[in-house]
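Colleague: Have a peek at work17.cif (mmCIF, C-alpha atoms).
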```cif
data_coords
loop_
_atom_site.label_atom_id
_atom_site.label_comp_id
_atom_site.auth_asym_id
_atom_site.auth_seq_id
_atom_site.Cartn_x
_atom_site.Cartn_y
_atom_site.Cartn_z
CA MET A 1 -95.05 -30.52 7.54
CA ALA A 2 -97.49 -32.64 5.54
CA HIS A 3 -96.55 -36.09 4.36
CA VAL A 4 -96.96 -36.34 0.59
CA GLY A 5 -96.15 -39.56 -1.25
CA ASP A 6 -94.27 -42.52 0.14
CA VAL A 7 -91.45 -44.98 -0.46
CA ARG A 8 -91.91 -48.71 -0.08
CA LEU A 9 -89.36 -50.69 1.92
CA THR A 10 -89.38 -54.47 1.90
CA VAL A 11 -87.77 -56.34 4.79
CA ASP A 12 -88.06 -60.13 5.20
CA GLY A 13 -90.77 -60.20 2.55
CA LYS A 14 -92.93 -57.62 4.28
CA THR A 15 -93.43 -54.21 2.64
CA ARG A 16 -93.91 -51.01 4.59
CA GLU A 17 -94.49 -47.45 3.47
CA LEU A 18 -92.10 -44.68 4.53
CA PRO A 19 -93.64 -41.20 4.19
CA ILE A 20 -91.89 -38.42 2.29
CA GLU A 21 -91.81 -34.96 3.86
CA ARG A 22 -91.72 -32.29 1.15
CA ALA A 23 -89.32 -29.35 1.40
CA THR A 24 -90.20 -25.84 0.25
CA VAL A 25 -87.02 -25.96 -1.84
CA GLY A 26 -84.16 -28.45 -1.86
CA ASN A 27 -84.07 -32.05 -0.70
CA ASP A 28 -87.27 -33.76 0.44
CA GLY A 29 -87.01 -36.03 3.48
CA LEU A 30 -87.74 -39.72 3.88
CA SER A 31 -89.26 -40.26 7.32
CA ILE A 32 -87.87 -43.30 9.13
CA ALA A 33 -89.29 -42.45 12.54
CA THR A 34 -91.00 -45.85 12.87
CA LEU A 35 -88.29 -47.93 11.17
CA LEU A 36 -86.89 -49.51 14.34
CA ARG A 37 -90.31 -50.23 15.76
CA ASP A 38 -91.62 -51.76 12.54
CA THR A 39 -88.55 -53.68 11.34
CA GLY A 40 -86.06 -53.97 14.20
CA LEU A 41 -83.52 -52.16 12.00
CA VAL A 42 -81.76 -48.80 12.30
CA THR A 43 -79.97 -46.81 9.61
CA ILE A 44 -76.21 -46.21 9.64
CA ASP A 45 -75.09 -42.77 8.47
CA PRO A 46 -71.63 -41.77 9.79
CA GLY A 47 -71.36 -38.01 10.03
CA PHE A 48 -75.11 -37.72 9.32
CA VAL A 49 -74.36 -36.93 5.67
CA ASN A 50 -77.81 -38.15 4.60
CA THR A 51 -79.79 -37.56 7.78
CA ALA A 52 -82.03 -34.57 8.50
CA SER A 53 -82.37 -34.21 12.26
CA CYS A 54 -85.08 -31.56 12.05
CA SER A 55 -87.18 -29.34 9.81
CA SER A 56 -86.00 -25.73 9.76
CA ALA A 57 -87.14 -22.44 8.21
CA ILE A 58 -83.93 -20.48 8.90
CA THR A 59 -81.25 -21.13 6.28
CA TYR A 60 -81.19 -22.82 2.88
CA ILE A 61 -78.07 -24.13 1.14
CA ASP A 62 -77.72 -25.66 -2.31
CA GLY A 63 -74.18 -26.96 -2.36
CA ASP A 64 -74.19 -27.93 -6.02
CA ASP A 65 -75.21 -24.48 -7.25
CA GLY A 66 -73.41 -22.47 -4.58
CA ILE A 67 -76.55 -20.97 -2.99
CA LEU A 68 -76.83 -19.65 0.57
CA ARG A 69 -79.96 -17.85 1.75
CA TYR A 70 -80.95 -16.57 5.20
CA ARG A 71 -84.75 -16.74 5.53
CA GLY A 72 -84.94 -16.67 1.72
CA TYR A 73 -82.57 -13.72 1.19
CA PRO A 74 -79.41 -14.45 -0.89
CA ILE A 75 -76.21 -13.98 1.11
CA ASP A 76 -74.67 -11.60 -1.42
CA GLN A 77 -77.64 -9.22 -1.13
CA LEU A 78 -77.50 -9.22 2.66
CA ALA A 79 -73.72 -8.82 2.71
CA GLY A 80 -73.90 -5.92 0.28
CA GLN A 81 -76.72 -3.95 1.89
CA SER A 82 -77.46 -4.92 5.50
CA THR A 83 -75.81 -4.65 8.91
CA PHE A 84 -74.98 -7.47 11.28
CA LEU A 85 -77.70 -6.70 13.82
CA GLU A 86 -80.19 -6.37 10.95
CA VAL A 87 -79.24 -9.89 9.82
CA ALA A 88 -79.32 -11.12 13.41
CA HIS A 89 -82.93 -9.97 13.73
CA LEU A 90 -83.77 -11.59 10.40
CA LEU A 91 -82.35 -14.96 11.47
CA ILE A 92 -83.84 -14.91 14.95
CA HIS A 93 -87.27 -13.43 14.22
CA GLY A 94 -87.76 -14.26 10.53
CA SER A 95 -88.11 -10.77 9.05
CA LEU A 96 -86.03 -7.70 8.26
CA PRO A 97 -86.58 -4.97 10.87
CA SER A 98 -87.89 -1.49 10.14
CA ALA A 99 -85.54 1.44 10.69
CA ASP A 100 -87.21 2.27 14.02
CA LEU A 101 -87.09 -1.34 15.21
CA LEU A 102 -83.44 -1.72 14.21
CA ASN A 103 -82.59 1.45 16.10
CA ALA A 104 -84.36 0.08 19.18
CA ILE A 105 -82.47 -3.22 18.87
CA GLU A 106 -79.13 -1.43 18.56
CA ASN A 107 -79.87 0.66 21.65
CA ARG A 108 -81.01 -2.31 23.70
CA VAL A 109 -77.97 -4.39 22.80
CA ALA A 110 -75.66 -1.44 23.51
CA ARG A 111 -77.17 -1.02 27.00
CA HIS A 112 -76.24 -4.62 27.84
CA MET A 113 -72.64 -4.68 26.59
CA GLN A 114 -71.28 -3.98 30.07
CA VAL A 115 -70.23 -7.28 31.68
CA HIS A 116 -70.39 -8.21 35.35
CA ASP A 117 -67.21 -7.72 37.38
CA GLY A 118 -67.33 -11.45 38.06
CA ILE A 119 -67.01 -12.15 34.34
CA LYS A 120 -64.01 -9.83 34.17
CA ALA A 121 -62.41 -11.68 37.08
CA PHE A 122 -63.18 -14.97 35.32
CA LEU A 123 -61.36 -13.77 32.19
CA GLU A 124 -58.40 -12.51 34.25
CA ALA A 125 -58.06 -15.89 35.98
CA PHE A 126 -56.92 -17.66 32.81
CA PRO A 127 -53.33 -17.62 31.53
CA ARG A 128 -52.79 -14.93 28.91
CA ASP A 129 -51.69 -17.55 26.41
CA ALA A 130 -54.79 -19.73 26.91
CA HIS A 131 -56.64 -20.35 23.66
CA PRO A 132 -59.48 -17.83 23.64
CA MET A 133 -62.06 -20.39 22.48
CA ALA A 134 -61.62 -22.33 25.73
CA VAL A 135 -62.11 -19.15 27.74
CA LEU A 136 -65.04 -18.02 25.57
CA SER A 137 -66.88 -21.31 26.04
CA GLY A 138 -66.55 -21.02 29.81
CA ALA A 139 -67.56 -17.36 29.87
CA ILE A 140 -70.74 -17.97 27.87
CA SER A 141 -71.70 -20.89 30.09
CA ALA A 142 -71.05 -18.70 33.16
CA LEU A 143 -73.57 -16.11 31.96
CA ALA A 144 -76.30 -18.46 33.24
CA ALA A 145 -74.94 -18.02 36.76
CA PHE A 146 -74.80 -14.23 36.54
CA TYR A 147 -78.16 -13.78 34.80
CA PRO A 148 -80.38 -16.61 36.13
CA ASP A 149 -83.57 -14.69 35.24
CA SER A 150 -82.75 -15.30 31.56
CA THR A 151 -82.30 -19.08 31.67
CA GLY A 152 -85.93 -20.14 31.27
CA ARG A 153 -87.92 -20.92 28.14
CA GLY A 154 -90.64 -18.30 28.51
CA GLU A 155 -90.90 -15.47 26.01
CA TYR A 156 -89.44 -12.86 28.36
CA GLU A 157 -86.50 -15.03 29.42
CA VAL A 158 -85.63 -16.05 25.86
CA GLU A 159 -85.78 -12.48 24.56
CA LEU A 160 -83.57 -11.27 27.41
CA ALA A 161 -81.06 -14.08 26.84
CA THR A 162 -81.00 -13.26 23.13
CA VAL A 163 -79.99 -9.66 23.82
CA LEU A 164 -77.49 -10.62 26.53
CA LEU A 165 -75.75 -13.13 24.26
CA LEU A 166 -75.44 -10.68 21.38
CA ALA A 167 -74.17 -7.94 23.67
CA LYS A 168 -71.91 -9.70 26.13
CA THR A 169 -70.29 -12.13 23.69
CA ALA A 170 -68.96 -9.14 21.77
CA THR A 171 -67.52 -7.59 24.92
CA VAL A 172 -65.99 -10.85 26.14
CA ILE A 173 -64.28 -11.44 22.78
CA ALA A 174 -63.00 -7.85 22.73
CA TYR A 175 -61.58 -8.34 26.23
CA LEU A 176 -59.94 -11.61 25.23
CA GLN A 177 -58.16 -9.74 22.44
CA ARG A 178 -57.09 -6.93 24.77
CA ARG A 179 -55.81 -9.34 27.40
CA SER A 180 -53.82 -11.35 24.84
CA VAL A 181 -51.77 -8.25 24.05
CA GLY A 182 -51.49 -7.04 27.66
CA GLY A 183 -54.10 -4.30 27.46
CA ASP A 184 -56.56 -3.20 30.15
CA PHE A 185 -60.32 -3.66 29.83
CA ILE A 186 -62.29 -0.53 28.94
CA ASP A 187 -65.97 0.04 29.63
CA PRO A 188 -68.58 -0.03 26.86
CA LYS A 189 -70.53 3.11 26.12
CA LYS A 190 -73.99 3.25 27.66
CA GLY A 191 -75.87 3.46 24.37
CA GLY A 192 -76.33 5.25 21.08
CA THR A 193 -73.49 3.45 19.38
CA ASP A 194 -73.09 1.15 16.39
CA TYR A 195 -72.63 -2.51 17.44
CA VAL A 196 -69.65 -3.28 15.21
CA GLU A 197 -67.99 0.08 15.83
CA GLU A 198 -68.32 -0.40 19.59
CA PHE A 199 -66.88 -3.91 19.33
CA LEU A 200 -63.87 -2.51 17.47
CA ARG A 201 -63.48 0.27 20.05
CA LEU A 202 -63.57 -2.22 22.93
CA THR A 203 -61.02 -4.33 21.06
CA PHE A 204 -58.50 -1.78 19.79
CA ALA A 205 -58.96 1.59 21.52
CA PRO A 206 -56.10 2.80 23.72
CA SER A 207 -57.12 2.98 27.39
CA ASP A 208 -59.09 6.14 28.16
CA ALA A 209 -58.45 7.62 24.72
CA PRO A 210 -60.80 8.52 21.87
CA TYR A 211 -61.11 5.96 19.10
CA GLU A 212 -62.72 6.05 15.70
CA ALA A 213 -62.75 2.86 13.67
CA ASN A 214 -61.33 2.93 10.17
CA PRO A 215 -64.44 2.84 7.92
CA ILE A 216 -62.93 0.05 5.83
CA ILE A 217 -62.24 -2.09 8.90
CA ARG A 218 -65.69 -1.32 10.30
CA ARG A 219 -67.46 -2.38 7.11
CA ALA A 220 -65.21 -5.42 6.68
CA MET A 221 -65.98 -6.56 10.23
CA ASP A 222 -69.71 -6.11 9.68
CA LEU A 223 -69.58 -8.07 6.43
CA LEU A 224 -67.51 -10.93 7.88
CA LEU A 225 -69.95 -11.31 10.79
CA ILE A 226 -72.86 -11.45 8.34
CA LEU A 227 -71.17 -14.12 6.23
CA HIS A 228 -70.66 -16.30 9.30
CA ALA A 229 -74.07 -15.68 10.91
CA ASP A 230 -75.58 -19.05 10.02
CA HIS A 231 -74.89 -22.09 7.90
CA GLU A 232 -77.75 -24.53 8.40
CA GLN A 233 -77.16 -27.78 10.37
CA ASN A 234 -73.37 -27.63 10.65
CA CYS A 235 -71.41 -29.29 13.45
CA SER A 236 -71.69 -26.47 16.00
CA THR A 237 -75.33 -25.65 15.24
CA SER A 238 -76.29 -29.31 15.49
CA THR A 239 -74.46 -29.38 18.82
CA VAL A 240 -76.46 -26.39 20.07
CA ARG A 241 -79.68 -28.12 19.07
CA ILE A 242 -78.83 -31.51 20.58
CA VAL A 243 -77.69 -29.98 23.88
CA GLY A 244 -80.78 -27.78 23.95
CA SER A 245 -83.00 -30.81 23.29
CA SER A 246 -82.22 -31.99 26.82
CA HIS A 247 -83.79 -28.72 28.08
CA ALA A 248 -80.34 -27.32 28.87
CA ASN A 249 -80.48 -23.52 28.99
CA ILE A 250 -79.47 -21.43 25.99
CA TYR A 251 -76.11 -20.46 27.51
CA ALA A 252 -75.06 -24.07 28.10
CA SER A 253 -76.21 -24.96 24.59
CA ILE A 254 -74.29 -22.16 22.90
CA SER A 255 -71.23 -22.81 25.06
CA ALA A 256 -71.27 -26.35 23.68
CA GLY A 257 -71.53 -24.88 20.17
CA VAL A 258 -68.39 -22.83 20.86
CA GLY A 259 -66.61 -26.04 21.80
CA ALA A 260 -67.65 -27.68 18.54
CA LEU A 261 -66.59 -24.61 16.56
CA SER A 262 -63.11 -24.70 18.10
CA GLY A 263 -62.16 -27.78 16.09
CA PRO A 264 -59.75 -27.25 13.17
CA LEU A 265 -62.17 -28.94 10.77
CA HIS A 266 -64.83 -26.36 11.61
CA GLY A 267 -64.11 -22.86 12.93
CA GLY A 268 -60.35 -23.33 13.03
CA ALA A 269 -60.04 -23.72 9.27
CA ASN A 270 -59.14 -20.07 8.65
CA GLU A 271 -56.22 -20.37 11.08
CA ALA A 272 -55.07 -23.44 9.19
CA ALA A 273 -55.31 -21.64 5.84
CA LEU A 274 -53.15 -18.77 7.07
CA ARG A 275 -50.59 -21.20 8.49
CA MET A 276 -50.49 -22.90 5.08
CA PHE A 277 -49.52 -19.64 3.38
CA ASP A 278 -46.84 -18.98 6.00
CA GLU A 279 -45.44 -22.49 5.61
CA ILE A 280 -45.29 -22.16 1.81
CA LYS A 281 -43.42 -18.87 2.21
CA GLU A 282 -40.99 -20.32 4.75
CA SER A 283 -40.31 -23.40 2.61
CA GLY A 284 -39.20 -21.31 -0.32
CA ASP A 285 -41.47 -23.29 -2.66
CA SER A 286 -43.36 -21.59 -5.43
CA ILE A 287 -47.13 -21.99 -5.49
CA GLU A 288 -46.70 -24.33 -8.46
CA GLN A 289 -44.30 -26.50 -6.47
CA PHE A 290 -46.66 -26.58 -3.51
CA VAL A 291 -49.59 -27.61 -5.73
CA ALA A 292 -47.46 -30.41 -7.19
CA LYS A 293 -46.73 -31.66 -3.66
CA VAL A 294 -50.43 -31.56 -2.80
CA LYS A 295 -51.28 -33.62 -5.89
CA ASP A 296 -48.50 -36.10 -5.05
CA ARG A 297 -49.78 -36.24 -1.47
CA SER A 298 -46.34 -35.37 -0.16
CA GLU A 299 -45.99 -35.33 3.60
CA GLY A 300 -46.90 -31.96 5.11
CA ALA A 301 -48.47 -30.61 1.91
CA ARG A 302 -52.11 -30.02 2.79
CA LEU A 303 -54.44 -27.74 0.89
CA MET A 304 -56.43 -25.71 3.43
CA GLY A 305 -59.35 -23.40 2.69
CA PHE A 306 -60.51 -25.48 -0.25
CA GLY A 307 -63.47 -27.82 -0.43
CA HIS A 308 -66.52 -27.97 1.79
CA ARG A 309 -68.75 -30.65 3.23
CA VAL A 310 -71.79 -29.03 1.57
CA TYR A 311 -70.56 -26.91 -1.34
CA LYS A 312 -69.55 -28.77 -4.50
CA SER A 313 -69.04 -25.51 -6.37
CA TYR A 314 -67.67 -22.09 -5.38
CA ASP A 315 -68.67 -21.17 -1.81
CA PRO A 316 -70.89 -18.06 -2.30
CA ARG A 317 -69.36 -16.53 0.83
CA GLY A 318 -65.88 -17.07 -0.61
CA ALA A 319 -66.72 -14.93 -3.63
CA VAL A 320 -67.72 -12.04 -1.36
CA VAL A 321 -64.68 -12.47 0.87
CA LYS A 322 -62.25 -12.44 -2.06
CA GLY A 323 -63.41 -8.97 -3.11
CA LEU A 324 -63.30 -7.83 0.51
CA ALA A 325 -59.74 -9.11 0.93
CA ASP A 326 -58.63 -7.13 -2.10
CA GLU A 327 -60.20 -3.95 -0.74
CA VAL A 328 -58.92 -4.35 2.84
CA LEU A 329 -55.37 -5.39 2.00
CA VAL A 330 -54.93 -2.60 -0.53
CA ALA A 331 -56.38 0.06 1.78
CA LEU A 332 -54.61 -1.07 4.97
CA GLY A 333 -51.34 -2.18 3.45
CA GLY A 334 -51.76 -5.78 4.58
CA ASN A 335 -49.49 -8.63 3.59
CA ALA A 336 -49.75 -8.28 -0.18
CA GLU A 337 -47.31 -11.15 -0.70
CA LEU A 338 -49.58 -13.67 1.04
CA PHE A 339 -52.62 -12.30 -0.79
CA ASP A 340 -50.84 -12.67 -4.12
CA MET A 341 -49.96 -16.24 -3.15
CA ALA A 342 -53.61 -16.91 -2.31
CA LYS A 343 -54.86 -15.54 -5.61
CA ARG A 344 -52.28 -17.56 -7.55
CA LEU A 345 -53.16 -20.73 -5.65
CA GLU A 346 -56.86 -20.17 -6.36
CA GLU A 347 -56.14 -19.49 -10.04
CA ILE A 348 -54.22 -22.76 -10.41
CA ALA A 349 -56.74 -24.82 -8.50
CA LEU A 350 -59.70 -23.51 -10.49
CA SER A 351 -58.06 -24.50 -13.78
CA ASP A 352 -56.46 -27.80 -12.75
CA ASP A 353 -58.38 -31.01 -13.52
CA TYR A 354 -57.12 -32.56 -10.27
CA PHE A 355 -59.04 -30.01 -8.20
CA ILE A 356 -61.96 -29.64 -10.60
CA GLU A 357 -62.67 -33.38 -10.60
CA ARG A 358 -62.61 -33.39 -6.80
CA LYS A 359 -64.77 -30.25 -6.65
CA LEU A 360 -62.20 -28.44 -4.53
CA TYR A 361 -63.15 -24.79 -4.68
CA PRO A 362 -62.11 -21.97 -2.28
CA ASN A 363 -64.37 -21.71 0.75
CA VAL A 364 -65.03 -18.80 3.08
CA ASP A 365 -61.96 -19.62 5.20
CA PHE A 366 -59.50 -19.25 2.34
CA TYR A 367 -59.26 -15.45 2.55
CA THR A 368 -60.69 -14.58 5.97
CA GLY A 369 -57.44 -15.20 7.87
CA LEU A 370 -55.61 -12.75 5.62
CA ILE A 371 -58.30 -10.13 6.27
CA TYR A 372 -58.33 -10.61 10.04
CA LYS A 373 -54.55 -10.37 10.12
CA ALA A 374 -54.58 -7.13 8.13
CA MET A 375 -57.19 -5.75 10.55
CA GLY A 376 -54.84 -6.35 13.49
CA PHE A 377 -56.16 -9.60 14.98
CA PRO A 378 -53.69 -12.33 16.03
CA THR A 379 -54.25 -15.81 14.64
CA GLY A 380 -55.71 -17.14 17.88
CA MET A 381 -58.60 -14.68 17.66
CA PHE A 382 -59.82 -15.82 14.23
CA THR A 383 -62.13 -18.55 15.58
CA PRO A 384 -63.65 -16.36 18.33
CA LEU A 385 -64.52 -13.84 15.60
CA PHE A 386 -66.22 -16.68 13.73
CA ALA A 387 -68.13 -17.45 16.94
CA LEU A 388 -69.23 -13.83 17.32
CA GLY A 389 -70.71 -13.96 13.84
CA ARG A 390 -72.38 -17.32 14.46
CA VAL A 391 -74.15 -16.32 17.69
CA PRO A 392 -77.36 -15.15 15.90
CA GLY A 393 -77.60 -18.43 14.01
CA TRP A 394 -77.12 -20.47 17.18
CA ILE A 395 -79.78 -18.41 18.95
CA ALA A 396 -82.19 -18.77 16.03
CA HIS A 397 -81.81 -22.54 15.88
CA TRP A 398 -82.11 -22.95 19.66
CA ARG A 399 -85.32 -20.93 19.66
CA GLU A 400 -86.71 -22.83 16.68
CA MET A 401 -85.86 -26.14 18.34
CA VAL A 402 -87.58 -25.12 21.57
CA ARG A 403 -90.81 -24.22 19.74
CA ASP A 404 -90.86 -27.27 17.45
CA PRO A 405 -93.44 -29.79 18.75
CA GLN A 406 -91.47 -32.56 17.04
CA THR A 407 -88.36 -31.92 19.11
CA LYS A 408 -87.20 -34.91 21.12
CA ILE A 409 -84.09 -35.30 23.21
CA GLY A 410 -81.23 -36.17 20.88
CA ARG A 411 -80.34 -39.81 21.22
CA PRO A 412 -78.72 -41.41 18.14
CA ARG A 413 -78.77 -45.18 17.76
CA GLN A 414 -75.78 -47.37 17.07
CA VAL A 415 -74.89 -50.72 15.54
CA TYR A 416 -73.02 -52.59 18.26
CA ILE A 417 -69.91 -54.46 17.04
CA GLY A 418 -68.24 -55.30 20.36
CA GLU A 419 -68.03 -58.55 22.31
CA SER A 420 -71.21 -60.49 22.99
CA GLU A 421 -72.01 -61.56 26.56
CA ARG A 422 -69.03 -62.78 28.59
CA ALA A 423 -68.70 -64.16 32.12
CA TYR A 424 -66.70 -62.17 34.65
CA VAL A 425 -63.23 -63.64 35.32
CA PRO A 426 -61.92 -63.27 38.91
CA MET A 427 -58.54 -61.53 39.25
CA GLU A 428 -56.71 -64.67 40.32
CA GLU A 429 -57.89 -66.61 37.27
CA ARG A 430 -56.84 -64.09 34.64
CA PRO A 431 -53.71 -64.85 32.57
#
```
Take the structure from the file and write it as structure tokens.
Modeller:
Amino acid sequence: MAHVGDVRLTVDGKTRELPIERATVGNDGLSIATLLRDTGLVTIDPGFVNTASCSSAITYIDGDDGILRYRGYPIDQLAGQSTFLEVAHLLIHGSLPSADLLNAIENRVARHMQVHDGIKAFLEAFPRDAHPMAVLSGAISALAAFYPDSTGRGEYEVELATVLLLAKTATVIAYLQRRSVGGDFIDPKKGGTDYVEEFLRLTFAPSDAPYEANPIIRRAMDLLLILHADHEQNCSTSTVRIVGSSHANIYASISAGVGALSGPLHGGANEAALRMFDEIKESGDSIEQFVAKVKDRSEGARLMGFGHRVYKSYDPRGAVVKGLADEVLVALGGNAELFDMAKRLEEIALSDDYFIERKLYPNVDFYTGLIYKAMGFPTGMFTPLFALGRVPGWIAHWREMVRDPQTKIGRPRQVYIGESERAYVPMEERP
């Protein structure tokens, strides 16, 4: 990216120019690549809230205006008209596929959904009550051992790994769901099947019995995966990039991303939102009473599913999910009481100055837990479903990072605040 314009920085009476890198849209970047060398200083930016670690052409977010675009396409348009594998191709390759190409992609992914018997044994080795994110992270990392021909950085290896990750992650997550409820694993079909429909069959079908996904569940699953497919340089995606910057293979990098996603401040937020609704119900409080406790900062009263590190207005994904929740819960007879609580909580928060001043708007996690629960998923599976949706974004960013000539091994600096040099004290002389 060309350097256009500059900023002048004066340190100890000496002025230096810091180049500005212009963005296509959104925030320009101030390059400080030579700051340490030229001044002996580093910047401090906890949480990297003002630091761009890379240039990327994949996803654009405007948090103030509630904008999310994949490769330039608004999320509401993609969610309303595309399929998950269509969006996956868009994120990974930069363009929407033709009908023939999409059909070829679907067939290729379907052919690779069968997992090695060793992976099945790996999944069986864990306790049934193990958190599925821990198992998922290990299973994805283990794919490198079972498919070593796909661990390189050449075009063939990367394309093969891309297909294997899309295919086998879906099967592994379906098996984790089946095992959590005591079910047996069933084999994927050999081909000619819809990706999301096959995932639902592997997840919910009775052993050796025909299964046809409810069209509402099938479309809801497709839409939820699309909404979670990428979200710029979030915690897990940044983790994938920084691990990959060491030339770790794509499986190790994405396994690390799964670990980052498992945190309750990231992928676990939808679990926390659903627990909040259950706790309000169990307490006997009205929504108004709960909101009052939140505003008073009463112990145990935490508002989950509101606010976002990036969005300072309504999360555009949240708007789509709210309509989806209404459709799914009405059609499937989900927990209408919790949904009514959610809508009332949102209504109060959007009209209360306390929340408006703090820019606390519903995010994508606010309603997703209710939808997953209505679809038949236990709470522990919510974050793995998030991971399944995020796999295309992780792949896209890993591939972009690999091809970027500016990529360097991630190695943040620090400002040391510990003890200065001290002399070693022998054991017998210590107090």
Colleague: Run through the PyMOL selection byres ((chain A and resi 240-242) around 8) on the given coordinates and return the selected residues as a VMD selection string.
Modeller: chain A and resid 236 to 239 243 to 246 253 to 254 256 to 257 394 397 to 398 401 409 to 410
Colleague: Take the residues just selected and output them with C-alpha atoms as a PDB file, in the frame of the given file.
Modeller:
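Generated output (selection.pdb):
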```
ATOM      1  CA  SER A 236     -71.690 -26.470  16.000  1.00  0.00           C
ATOM      2  CA  THR A 237     -75.330 -25.650  15.240  1.00  0.00           C
ATOM      3  CA  SER A 238     -76.290 -29.310  15.490  1.00  0.00           C
ATOM      4  CA  THR A 239     -74.460 -29.380  18.820  1.00  0.00           C
ATOM      5  CA  VAL A 243     -77.690 -29.980  23.880  1.00  0.00           C
ATOM      6  CA  GLY A 244     -80.780 -27.780  23.950  1.00  0.00           C
ATOM      7  CA  SER A 245     -83.000 -30.810  23.290  1.00  0.00           C
ATOM      8  CA  SER A 246     -82.220 -31.990  26.820  1.00  0.00           C
ATOM      9  CA  SER A 253     -76.210 -24.960  24.590  1.00  0.00           C
ATOM     10  CA  ILE A 254     -74.290 -22.160  22.900  1.00  0.00           C
ATOM     11  CA  ALA A 256     -71.270 -26.350  23.680  1.00  0.00           C
ATOM     12  CA  GLY A 257     -71.530 -24.880  20.170  1.00  0.00           C
ATOM     13  CA  TRP A 394     -77.120 -20.470  17.180  1.00  0.00           C
ATOM     14  CA  HIS A 397     -81.810 -22.540  15.880  1.00  0.00           C
ATOM     15  CA  TRP A 398     -82.110 -22.950  19.660  1.00  0.00           C
ATOM     16  CA  MET A 401     -85.860 -26.140  18.340  1.00  0.00           C
ATOM     17  CA  ILE A 409     -84.090 -35.300  23.210  1.00  0.00           C
ATOM     18  CA  GLY A 410     -81.230 -36.170  20.880  1.00  0.00           C
TER      19      GLY A 410
END
```
Colleague: Mind giving me the straight-line distance from atom CA of A:Leu360 to atom CA of A:His231 in Å, one decimal?
Modeller: 18.9 Å
Colleague: Show me a table, sorted first by chain and then by increasing residue number, of the residues of stretch 46-99 of chain A having an atom at most 10 Å from stretch 320-334 of chain A, each with its shortest atom pair and the distance in Å to one decimal, counting all atoms listed in the file and written as JSON lines.
Modeller:
```
{"residue": "A:Ile75", "atom": "CA", "partner": "A:Val320", "partner_atom": "CA", "distance": 9.1}
{"residue": "A:Asp76", "atom": "CA", "partner": "A:Val320", "partner_atom": "CA", "distance": 7.0}
{"residue": "A:Ala79", "atom": "CA", "partner": "A:Val320", "partner_atom": "CA", "distance": 7.9}
{"residue": "A:Gly80", "atom": "CA", "partner": "A:Val320", "partner_atom": "CA", "distance": 8.9}
```
Colleague: Please indicate the distance in Å from atom CA of A:Gly307 to atom CA of A:Glu346, rounded to one decimal place.
Modeller: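 Separation of atom CA of A:Gly307 and atom CA of A:Glu346: 11.7 Å.
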Colleague: Expressed in Å to a single decimal, how great is the separation between atom CA of A:Ala396 and atom CA of A:Leu85?
Modeller: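 Computing the Euclidean distance for atom CA of A:Ala396 and atom CA of A:Leu85 yields 13.1 Å.
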Colleague: Could you tell me, as a count of residues only, exactly which residues end up selected when the PyMOL selection byres ((chain A and resi 380-383) around 10) is applied to this structure?
Modeller: 35
Colleague: Output the residue selection produced by the PyMOL selection byres ((chain A and resi 193-209) around 9) on the file above, formatted as number ranges by chain.
Modeller: A: 83-85, 106-107, 109-110, 167, 170-171, 173-178, 183-192, 210-213, 217-219, 221-222, 376
Colleague: Write out as a list in words which residues come within 10 Å of A:Ile92 when counting only C-alpha atoms, dropping same-chain ones fewer than 2 positions away.
Modeller: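 Residues near the query, excluding close chain neighbours: Ile58, Arg71, Val87, Ala88, His89, Leu90, Gly94, Ser95, Thr162, Pro392, Gly393, Trp394, Ile395, Ala396, His397, Trp398, Arg399 and Glu400 of chain A.
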Colleague: Quick one: everything within 8 Å of stretch 36-42 of chain A, counting all atoms listed in the file, minus sequence neighbours fewer than 2 positions away in the same chain. Send it as an mmCIF file with C-alpha atoms, keeping the file's coordinate frame.
Modeller:
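The resulting file, part_39.cif, is shown below:
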```cif
data_model
loop_
_atom_site.group_PDB
_atom_site.id
_atom_site.type_symbol
_atom_site.label_atom_id
_atom_site.label_comp_id
_atom_site.auth_asym_id
_atom_site.auth_seq_id
_atom_site.Cartn_x
_atom_site.Cartn_y
_atom_site.Cartn_z
ATOM 1 C CA VAL A 11 -87.770 -56.340 4.790
ATOM 2 C CA ALA A 33 -89.290 -42.450 12.540
ATOM 3 C CA THR A 34 -91.000 -45.850 12.870
ATOM 4 C CA ILE A 44 -76.210 -46.210 9.640
ATOM 5 C CA ARG A 413 -78.770 -45.180 17.760
ATOM 6 C CA GLN A 414 -75.780 -47.370 17.070
ATOM 7 C CA VAL A 415 -74.890 -50.720 15.540
#
```
Colleague: Given the choices A:Leu223, A:Asn249, A:Val391, A:Gly72, which gets closest to A:Thr169 if the distance is worked out from all atoms listed in the file?
Modeller: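 Residue with the minimum atom-to-atom distance to A:Thr169: A:Val391.
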Colleague: For A:Glu282, which residue out of A:Val294, A:Ile119, A:Leu338, A:Ala125 is the nearest one, using all atoms listed in the file?
Modeller: A:Leu338
Colleague: I'd like to know which of A:Leu224, A:Gly118, A:Ile417, A:Pro426 is closest to A:Arg390, using all atoms listed in the file.
Modeller: A:Leu224
Colleague: Check the smallest atom-to-atom distance from each of A:Leu166, A:Ile61, A:Met276, A:Ile250 to A:Gln114 using only C-alpha atoms, then report the winner.
Modeller: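 That would be A:Leu166, the residue with the smallest distance to A:Gln114.
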Colleague: Go through A:Asp296, A:Tyr354, A:Val310, A:Asn363 and flag the residue nearest A:Ala273, using all atoms listed in the file for the distances.
Modeller: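 Selected residue with least distance to A:Ala273: A:Asn363.
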Colleague: Find the spatial neighbours of A:Glu279, counting only C-alpha atoms, within a cut-off of 12 Å - ignore same-chain residues fewer than 2 positions away - and output them as an MDAnalysis selection string.
Modeller: chainID A and resid 272:277 281:287 290 300:304 338 341
